[in-house]
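Text of model_20.cif, listed as mmCIF, C-alpha atoms:
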```cif
data_data
#
loop_
_atom_site.label_atom_id
_atom_site.label_comp_id
_atom_site.auth_asym_id
_atom_site.auth_seq_id
_atom_site.Cartn_x
_atom_site.Cartn_y
_atom_site.Cartn_z
CA MET A 786 0.02 -11.22 40.64
CA PRO A 787 -1.91 -9.06 38.21
CA ARG A 788 -1.64 -10.08 34.62
CA ARG A 789 -0.02 -7.46 32.40
CA ARG A 790 -1.78 -6.95 29.08
CA ARG A 791 0.13 -5.42 26.20
CA ALA A 792 -1.47 -3.01 23.77
CA VAL A 793 -0.52 -0.53 21.10
CA SER A 794 0.77 2.78 22.26
CA GLU A 795 -1.31 5.94 22.02
CA ILE A 796 0.79 7.23 19.14
CA ILE A 797 0.36 4.04 17.15
CA ALA A 798 -3.35 4.01 17.94
CA SER A 799 -3.70 7.60 16.77
CA LEU A 800 -1.79 6.84 13.60
CA MET A 801 -4.00 3.83 12.89
CA LEU A 802 -7.13 5.84 13.41
CA LEU A 803 -5.76 8.61 11.24
CA PHE A 804 -5.04 6.10 8.52
CA ILE A 805 -8.50 4.54 8.72
CA VAL A 806 -10.25 7.91 8.63
CA SER A 807 -8.06 9.13 5.76
CA ALA A 808 -8.68 5.96 3.74
CA LEU A 809 -12.42 6.14 4.26
CA GLY A 810 -12.43 9.85 3.46
CA THR A 811 -10.43 9.38 0.28
CA ALA A 812 -12.67 6.59 -0.92
CA LEU A 813 -15.80 8.63 -0.20
CA TYR A 814 -14.36 11.73 -1.84
CA SER A 815 -13.34 9.80 -4.93
CA TYR A 816 -16.74 8.17 -5.24
CA THR A 817 -18.62 11.42 -4.73
CA LEU A 818 -16.38 13.27 -7.16
CA THR A 819 -16.99 10.66 -9.84
CA ILE A 820 -20.73 10.99 -9.48
CA THR A 821 -20.88 14.77 -9.29
CA GLN A 822 -18.33 15.27 -12.06
CA GLY A 823 -20.35 13.11 -14.43
CA GLN A 824 -23.51 15.00 -13.59
CA HIS A 825 -21.69 18.32 -13.90
CA ASP A 826 -20.29 17.43 -17.33
CA GLU A 827 -23.70 16.31 -18.54
CA LEU A 828 -25.35 19.47 -17.23
CA THR A 829 -22.68 21.71 -18.73
CA SER A 830 -23.00 19.99 -22.07
CA GLU A 831 -26.79 20.27 -22.01
CA MET A 832 -26.60 23.96 -21.07
CA SER A 833 -24.16 24.56 -23.89
CA ARG A 834 -26.48 22.91 -26.40
CA ALA A 835 -29.45 24.88 -25.03
CA ALA A 836 -27.46 28.11 -25.33
CA ASP A 837 -26.56 27.25 -28.93
CA ARG A 838 -30.21 26.61 -29.71
CA ALA A 839 -31.26 29.85 -28.02
CA GLN A 840 -28.87 31.82 -30.20
CA GLU A 841 -30.38 30.55 -33.42
CA ARG A 842 -32.69 33.01 -35.16
CA VAL A 843 -34.05 32.08 -38.56
CA ARG A 844 -36.95 33.65 -40.32
CA VAL A 845 -38.74 32.89 -43.54
CA ILE A 846 -38.83 36.15 -45.48
CA ALA A 847 -40.23 35.00 -48.80
CA VAL A 848 -41.88 32.02 -50.45
CA TRP A 849 -41.84 31.73 -54.21
CA TRP A 850 -44.30 29.56 -56.09
CA SER A 851 -44.66 29.49 -59.85
CA GLY A 852 -48.44 29.25 -59.72
CA THR A 853 -48.52 25.64 -60.82
CA GLY A 854 -47.11 22.46 -59.39
CA ASP A 855 -45.93 21.93 -55.83
CA LEU A 856 -42.40 23.27 -56.03
CA LEU A 857 -41.71 25.93 -53.40
CA ASN A 858 -38.65 28.10 -53.02
CA VAL A 859 -38.23 29.52 -49.53
CA THR A 860 -35.84 32.36 -48.71
CA LEU A 861 -34.52 32.44 -45.15
CA LEU A 862 -32.72 35.09 -43.15
CA ASN A 863 -30.33 34.09 -40.39
CA TYR A 864 -30.48 37.04 -38.01
CA GLY A 865 -29.09 35.15 -35.04
CA ARG A 866 -25.59 34.90 -33.64
CA SER A 867 -24.75 31.44 -34.85
CA ASP A 868 -24.69 29.73 -38.22
CA VAL A 869 -27.71 27.62 -39.06
CA GLU A 870 -28.14 24.44 -41.02
CA VAL A 871 -31.63 23.70 -42.27
CA SER A 872 -32.44 20.09 -41.57
CA ASP A 873 -36.12 19.66 -42.32
CA VAL A 874 -39.13 21.52 -43.67
CA TYR A 875 -42.76 20.74 -42.94
CA VAL A 876 -45.82 21.93 -44.83
CA ASN A 877 -48.99 21.81 -42.74
CA GLY A 878 -47.26 19.33 -40.46
CA GLU A 879 -46.24 17.01 -43.28
CA ARG A 880 -42.53 16.35 -43.64
CA VAL A 881 -40.90 17.30 -46.91
CA SER A 882 -39.04 14.43 -48.51
CA ALA A 883 -37.98 15.87 -51.89
CA TYR A 884 -35.49 18.76 -51.81
CA SER A 885 -34.04 20.58 -54.81
CA LEU A 886 -31.50 22.65 -52.94
CA GLY A 887 -30.60 24.13 -49.60
CA ARG A 888 -31.03 21.18 -47.28
CA ASN A 889 -28.14 20.70 -44.83
CA GLU A 890 -26.40 23.76 -46.23
CA VAL A 891 -25.05 26.29 -43.76
CA ILE A 892 -26.66 29.72 -43.66
CA TYR A 893 -24.12 32.03 -42.10
CA THR A 894 -25.12 34.61 -39.56
CA GLN A 895 -26.64 37.78 -41.05
CA ASP A 896 -26.91 35.99 -44.38
CA LEU A 897 -29.71 34.78 -46.64
CA GLY A 898 -30.29 31.19 -47.60
CA ARG A 899 -32.63 29.31 -49.87
CA VAL A 900 -34.38 26.00 -49.60
CA ALA A 901 -36.30 24.57 -52.53
CA PHE A 902 -38.51 21.53 -52.23
CA THR A 903 -41.61 19.80 -53.47
CA SER A 904 -44.47 20.29 -51.06
CA PRO A 905 -45.98 17.07 -49.66
CA LYS A 906 -49.32 18.90 -49.68
CA PRO A 907 -50.80 19.97 -53.02
CA ILE A 908 -50.47 23.74 -53.47
CA THR A 909 -53.61 25.52 -54.64
CA SER A 910 -53.97 29.20 -55.24
CA GLY A 911 -55.54 31.25 -52.44
CA SER A 912 -54.88 28.70 -49.71
CA THR A 913 -52.87 29.25 -46.55
CA TYR A 914 -50.05 26.91 -45.61
CA GLU A 915 -48.02 26.59 -42.46
CA ILE A 916 -44.38 26.20 -43.41
CA THR A 917 -42.10 25.06 -40.59
CA VAL A 918 -38.36 25.19 -41.10
CA VAL A 919 -36.34 23.24 -38.54
CA SER A 920 -32.61 23.60 -38.02
CA GLN A 921 -30.24 20.75 -37.28
CA LYS A 922 -30.25 21.76 -33.63
CA GLY A 923 -34.02 21.41 -33.52
CA VAL A 924 -35.04 25.07 -33.59
CA PRO A 925 -38.28 25.52 -35.53
CA SER A 926 -39.37 28.62 -37.41
CA VAL A 927 -43.01 28.77 -38.42
CA TYR A 928 -44.32 30.87 -41.29
CA LEU A 929 -47.88 31.23 -42.54
CA TRP A 930 -47.88 31.60 -46.30
CA GLU A 931 -50.80 32.36 -48.54
CA SER A 932 -50.35 31.09 -52.06
CA MET B 46 -13.04 0.42 52.60
CA LYS B 47 -12.60 -1.49 49.42
CA ILE B 48 -12.74 0.49 46.20
CA ARG B 49 -14.59 -1.33 43.45
CA ASN B 50 -12.50 -1.56 40.33
CA SER B 51 -14.88 -1.45 37.35
CA LYS B 52 -13.42 -2.55 34.03
CA GLY B 53 -14.36 -0.94 30.67
CA ILE B 54 -13.29 -0.93 27.09
CA SER B 55 -10.11 0.80 26.12
CA THR B 56 -10.01 4.19 24.43
CA PHE B 57 -8.82 2.61 21.23
CA VAL B 58 -11.70 0.17 21.05
CA ALA B 59 -14.10 2.94 21.94
CA VAL B 60 -12.89 5.08 19.04
CA LEU B 61 -13.12 2.13 16.68
CA LEU B 62 -16.70 1.62 17.80
CA MET B 63 -17.40 5.30 17.19
CA ILE B 64 -15.99 5.05 13.67
CA LEU B 65 -18.11 1.99 13.03
CA LEU B 66 -21.19 3.80 14.25
CA ALA B 67 -20.38 6.88 12.15
CA VAL B 68 -19.86 4.81 9.01
CA ALA B 69 -23.08 2.88 9.62
CA ALA B 70 -24.99 6.12 10.16
CA GLY B 71 -23.44 7.54 7.00
CA VAL B 72 -24.53 4.54 4.96
CA VAL B 73 -28.08 4.84 6.30
CA ILE B 74 -28.21 8.59 5.50
CA TYR B 75 -26.73 7.97 2.07
CA ALA B 76 -29.33 5.33 1.26
CA TYR B 77 -32.09 7.61 2.54
CA THR B 78 -30.82 10.58 0.52
CA MET B 79 -30.47 8.55 -2.67
CA GLY B 80 -34.12 7.75 -2.33
CA TYR B 81 -34.79 11.43 -2.91
CA PHE B 82 -32.19 12.11 -5.57
CA GLY B 83 -33.05 9.00 -7.52
CA ASN B 84 -30.63 8.07 -10.20
CA LEU B 85 -27.91 10.57 -9.28
CA GLY B 86 -25.23 7.97 -9.24
CA GLY B 87 -26.50 6.07 -12.22
CA THR B 88 -24.71 5.85 -15.49
CA SER B 89 -27.70 6.68 -17.67
CA THR B 90 -28.85 10.27 -17.99
CA PRO B 91 -31.88 11.39 -19.94
CA GLY B 92 -31.42 12.47 -23.53
CA THR B 93 -32.87 15.50 -25.23
CA ILE B 94 -35.65 15.45 -27.78
CA SER B 95 -37.53 18.31 -29.38
CA LEU B 96 -40.68 18.71 -31.39
CA ASP B 97 -40.36 19.58 -35.07
CA SER B 98 -44.02 19.60 -35.95
CA ALA B 99 -47.30 18.07 -34.81
CA THR B 100 -50.75 17.80 -36.31
CA LEU B 101 -53.93 16.29 -34.98
CA ASN B 102 -56.84 15.27 -37.13
CA GLY B 103 -60.00 15.30 -35.06
CA THR B 104 -61.94 13.43 -37.72
CA THR B 105 -59.61 10.45 -38.00
CA HIS B 106 -58.56 10.75 -34.32
CA VAL B 107 -54.92 10.53 -35.34
CA MET B 108 -52.06 12.69 -34.12
CA LYS B 109 -48.82 12.76 -36.03
CA ALA B 110 -45.69 14.28 -34.52
CA TYR B 111 -42.12 14.53 -35.71
CA ILE B 112 -39.63 14.25 -32.87
CA ARG B 113 -35.97 15.13 -33.23
CA ASN B 114 -33.16 13.73 -31.11
CA VAL B 115 -30.95 16.73 -30.26
CA GLY B 116 -29.13 15.02 -27.40
CA ARG B 117 -25.98 12.97 -27.24
CA GLY B 118 -27.37 9.47 -27.14
CA SER B 119 -29.97 7.24 -28.73
CA VAL B 120 -33.51 7.56 -27.37
CA ASP B 121 -35.90 4.63 -27.13
CA PHE B 122 -39.56 5.66 -26.89
CA ASP B 123 -41.60 4.00 -24.19
CA ASN B 124 -44.99 5.59 -23.47
CA VAL B 125 -47.29 8.31 -24.74
CA TYR B 126 -49.78 10.15 -22.53
CA VAL B 127 -52.74 12.23 -23.69
CA ASP B 128 -53.91 14.66 -21.01
CA GLY B 129 -52.24 12.44 -18.44
CA THR B 130 -53.83 9.21 -19.66
CA LEU B 131 -51.57 6.45 -20.90
CA VAL B 132 -52.24 5.49 -24.50
CA PRO B 133 -52.13 1.71 -25.09
CA ASP B 134 -49.05 0.52 -26.96
CA GLY B 135 -51.16 -0.78 -29.83
CA ASN B 136 -52.35 2.75 -30.59
CA VAL B 137 -48.85 4.20 -30.92
CA THR B 138 -46.35 3.77 -33.71
CA ALA B 139 -42.89 5.33 -33.89
CA SER B 140 -40.54 5.10 -36.82
CA PRO B 141 -37.64 4.88 -36.35
CA ASP B 142 -37.56 3.67 -32.76
CA PRO B 143 -35.04 3.96 -31.15
CA ILE B 144 -34.07 7.28 -32.63
CA SER B 145 -30.40 8.07 -33.22
CA VAL B 146 -28.74 11.40 -32.52
CA GLY B 147 -29.80 13.99 -35.10
CA ASP B 148 -32.54 11.80 -36.56
CA VAL B 149 -36.26 12.52 -36.70
CA SER B 150 -38.88 9.99 -35.72
CA GLU B 151 -42.50 10.04 -36.84
CA ILE B 152 -44.85 9.20 -34.00
CA THR B 153 -48.47 8.38 -34.75
CA VAL B 154 -51.05 8.17 -31.99
CA THR B 155 -54.57 6.94 -32.61
CA TYR B 156 -56.86 7.92 -29.76
CA TRP B 157 -60.63 7.79 -29.80
CA ALA B 158 -60.99 10.86 -27.54
CA PHE B 159 -59.39 13.23 -30.06
CA GLU B 160 -62.11 15.64 -31.12
CA THR B 161 -62.09 18.91 -33.05
CA PRO B 162 -61.49 21.68 -31.92
CA ASN B 163 -60.05 20.63 -28.56
CA THR B 164 -56.45 21.08 -27.54
CA TYR B 165 -54.60 18.13 -26.05
CA GLU B 166 -51.46 17.89 -24.00
CA ILE B 167 -49.24 15.15 -25.32
CA LYS B 168 -46.39 13.75 -23.27
CA ILE B 169 -43.83 11.39 -24.70
CA VAL B 170 -41.64 9.42 -22.33
CA ALA B 171 -38.60 7.41 -23.33
CA GLU B 172 -37.12 4.42 -21.54
CA ASP B 173 -34.27 6.52 -20.13
CA ASN B 174 -36.88 8.96 -18.76
CA THR B 175 -36.32 11.50 -21.52
CA GLN B 176 -39.55 13.45 -21.71
CA LEU B 177 -41.21 15.83 -24.13
CA ALA B 178 -44.53 17.55 -23.55
CA PHE B 179 -46.40 19.71 -26.03
CA SER B 180 -49.90 20.84 -26.86
CA VAL B 181 -51.62 20.28 -30.16
CA LYS B 182 -55.00 21.44 -31.35
CA ALA B 183 -57.30 19.09 -33.21
CA THR B 184 -58.37 20.23 -36.64
CA SER B 185 -60.62 18.57 -39.14
#
```

Go through the file and emit its structure as structure tokens.
Amino acid sequence: MPRRRRAVSEIIASLMLLFIVSALGTALYSYTLTITQGQHDELTSEMSRAADRAQERVRVIAVWWSGTGDLLNVTLLNYGRSDVEVSDVYVNGERVSAYSLGRNEVIYTQDLGRVAFTSPKPITSGSTYEITVVSQKGVPSVYLWES
Amino acid sequence: MKIRNSKGISTFVAVLLMILLAVAAGVVIYAYTMGYFGNLGGTSTPGTISLDSATLNGTTHVMKAYIRNVGRGSVDFDNVYVDGTLVPDGNVTASPDPISVGDVSEITVTYWAFETPNTYEIKIVAEDNTQLAFSVKATS
């Protein structure tokens, strides 16, 4: 007499397979979404910061020096589409450490601003200096000034 | 004539085997693909640094650069390359290191090959693979 083996029905088998595939799919989707979402957020944030930096336009339009000493007064024009905050100034590549005014102050768009500081390099008449003004977002503006 | 009754696996077991094979193949492809895309699934992403100013003195063979952290996380400097050549750690100083968001670090590189009036390509690499490359001309 042939032995009768019992098994799950086709409907139950299909439901089990459906459940397994759905569970695996959900887990994979969730994992992939976590990875790609993190990357997407990071990329979006970086693009936003890059766009902000690209919109900054600052130009040195005048440098005032009394003729003696190392105190310089730099006038800046913000002709970009976003407000700018001057973070650092460099004279011939040397970082300025002593500011009189203007550092970390906002220069609104289409407005003038001033930064006064003591040059880390001695100022002598008739010499040329490279003045680099850097915003808080890291956008540099280079100006060659002859004293 | 006697018909031979060959026994095989059931449909259910066959489908389970297929799923197992598909999952195994997927894992292999995933591992292979991640080899190309590197740290895609990692938690650390490179930061962003920018150059404020750089000078190179060809007489003293010293380059000084001011690097600003304009990203969203702290950056820890690792290596400096001059024209693709790794500069020994003893010839590089960075202060502060690591560099916090919004801060500026002064990096000094002493390298015997710096000569006026050549231009050198400097590449700074951080531990999280944040990179910054720039050119600087040696002056006396």

Do me a favour and pick out the residues of chain A within 7 Å of chain B, using all atoms listed in the file, as a PDB file with C-alpha atoms, keeping the file's coordinate frame.
```pdb
ATOM      1  CA  ALA A 798      -3.350   4.010  17.940  1.00  0.00           C
ATOM      2  CA  ILE A 820     -20.730  10.990  -9.480  1.00  0.00           C
ATOM      3  CA  GLY A 878     -47.260  19.330 -40.460  1.00  0.00           C
ATOM      4  CA  VAL A 919     -36.340  23.240 -38.540  1.00  0.00           C
ATOM      5  CA  LYS A 922     -30.250  21.760 -33.630  1.00  0.00           C
ATOM      6  CA  GLY A 923     -34.020  21.410 -33.520  1.00  0.00           C
ATOM      7  CA  PRO A 925     -38.280  25.520 -35.530  1.00  0.00           C
TER       8      PRO A 925
END
```

Task: Selection near A:Asn877, 7 Å with all atoms listed in the file, sequence-local residues under 6 positions removed, as a PyMOL selection string - done: chain A and resi 914-916

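What the PyMOL selection byres ((chain A and resi 867) around 7) matches in the given file is Gln840, Glu841, Gly865, Arg866, Asp868, Val869 and Thr894 of chain A.
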
Would you output that residue set with C-alpha atoms, as an mmCIF file, keeping the file's coordinate frame?
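For reference, selection00.cif as written:
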```
data_model
loop_
_atom_site.group_PDB
_atom_site.id
_atom_site.type_symbol
_atom_site.label_atom_id
_atom_site.label_comp_id
_atom_site.auth_asym_id
_atom_site.auth_seq_id
_atom_site.Cartn_x
_atom_site.Cartn_y
_atom_site.Cartn_z
ATOM 1 C CA GLN A 840 -28.870 31.820 -30.200
ATOM 2 C CA GLU A 841 -30.380 30.550 -33.420
ATOM 3 C CA GLY A 865 -29.090 35.150 -35.040
ATOM 4 C CA ARG A 866 -25.590 34.900 -33.640
ATOM 5 C CA ASP A 868 -24.690 29.730 -38.220
ATOM 6 C CA VAL A 869 -27.710 27.620 -39.060
ATOM 7 C CA THR A 894 -25.120 34.610 -39.560
#
```

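Between atom CA of A:Val806 and atom CA of B:Leu66 the interatomic distance comes to 13.0 Å.
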
Would you compute the box with edges along x, y and z of the file around stretch 879-890 of chain A, including every atom the file lists for it and 8 Å extra on each side, and give its centre and edge lengths in Å to one decimal, as lines of an AutoDock Vina configuration file?
```
center_x = -36.3
center_y = 19.3
center_z = -49.0
size_x = 35.8
size_y = 25.7
size_z = 27.5
```

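Minimum atom-to-atom distance to A:Val876, evaluated using all atoms listed in the file, belongs to A:Leu929 out of A:Ile892, A:Ile846, A:Ala835, A:Leu929.
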
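One finds atom CA of B:Val137 at 18.0 Å from atom CA of A:Glu879.
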
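Shortest separation to A:Ser926 among A:Ser830, A:Gln895, A:Asn863, A:Ser807 occurs at residue A:Asn863, atoms counted being all atoms listed in the file.
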
- [ ] List the residues matched by the PyMOL selection byres ((chain B and resi 159) around 6) in the displayed structure as a list of chain:residue names, ordered by chain and then by residue number.
- [x] B:Gly103, B:His106, B:Tyr156, B:Trp157, B:Ala158, B:Glu160

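What the PyMOL selection byres ((chain A and resi 843) around 6) matches in the given file is Arg842, Arg844, Leu862 and Asn863 of chain A.
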
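Residues surrounding stretch 175-181 of chain B within 6 Å are Pro91, Gly92, Thr164, Tyr165, Glu166, Ile167, Lys168, Ile169, Val170 and Ala171 of chain B [all atoms listed in the file; sequence separation below 4 positions excluded].
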
Residues just named, written with C-alpha atoms as a PDB file, keeping the file's coordinate frame:
```pdb
ATOM      1  CA  PRO B  91     -31.880  11.390 -19.940  1.00  0.00           C
ATOM      2  CA  GLY B  92     -31.420  12.470 -23.530  1.00  0.00           C
ATOM      3  CA  THR B 164     -56.450  21.080 -27.540  1.00  0.00           C
ATOM      4  CA  TYR B 165     -54.600  18.130 -26.050  1.00  0.00           C
ATOM      5  CA  GLU B 166     -51.460  17.890 -24.000  1.00  0.00           C
ATOM      6  CA  ILE B 167     -49.240  15.150 -25.320  1.00  0.00           C
ATOM      7  CA  LYS B 168     -46.390  13.750 -23.270  1.00  0.00           C
ATOM      8  CA  ILE B 169     -43.830  11.390 -24.700  1.00  0.00           C
ATOM      9  CA  VAL B 170     -41.640   9.420 -22.330  1.00  0.00           C
ATOM     10  CA  ALA B 171     -38.600   7.410 -23.330  1.00  0.00           C
TER      11      ALA B 171
END
```

- [ ] Work out how far apart atom CA of A:Gly898 and atom CA of A:Val871 are and give it in Å to one decimal.
- [x] 9.3 Å

Open item on the list: Show me the residues around (-47.5, 4.7, -16.8) - criterion: an atom at most 12 Å away, only C-alpha atoms counted - as a ChimeraX atom specification.
Closed with: /B:123-127,129-134,168-172,174

Task: Proximity to A:Asp873 - best of A:Ser833, A:Asn889, A:Thr817, A:Thr903, only C-alpha atoms - done: A:Asn889

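Look at A:Val881: the protein and nucleic acid residues within 7 Å of it, using only C-alpha atoms and passing over chain neighbours fewer than 6 places away, are Val874, Tyr875, Ser904 and Pro905 of chain A.
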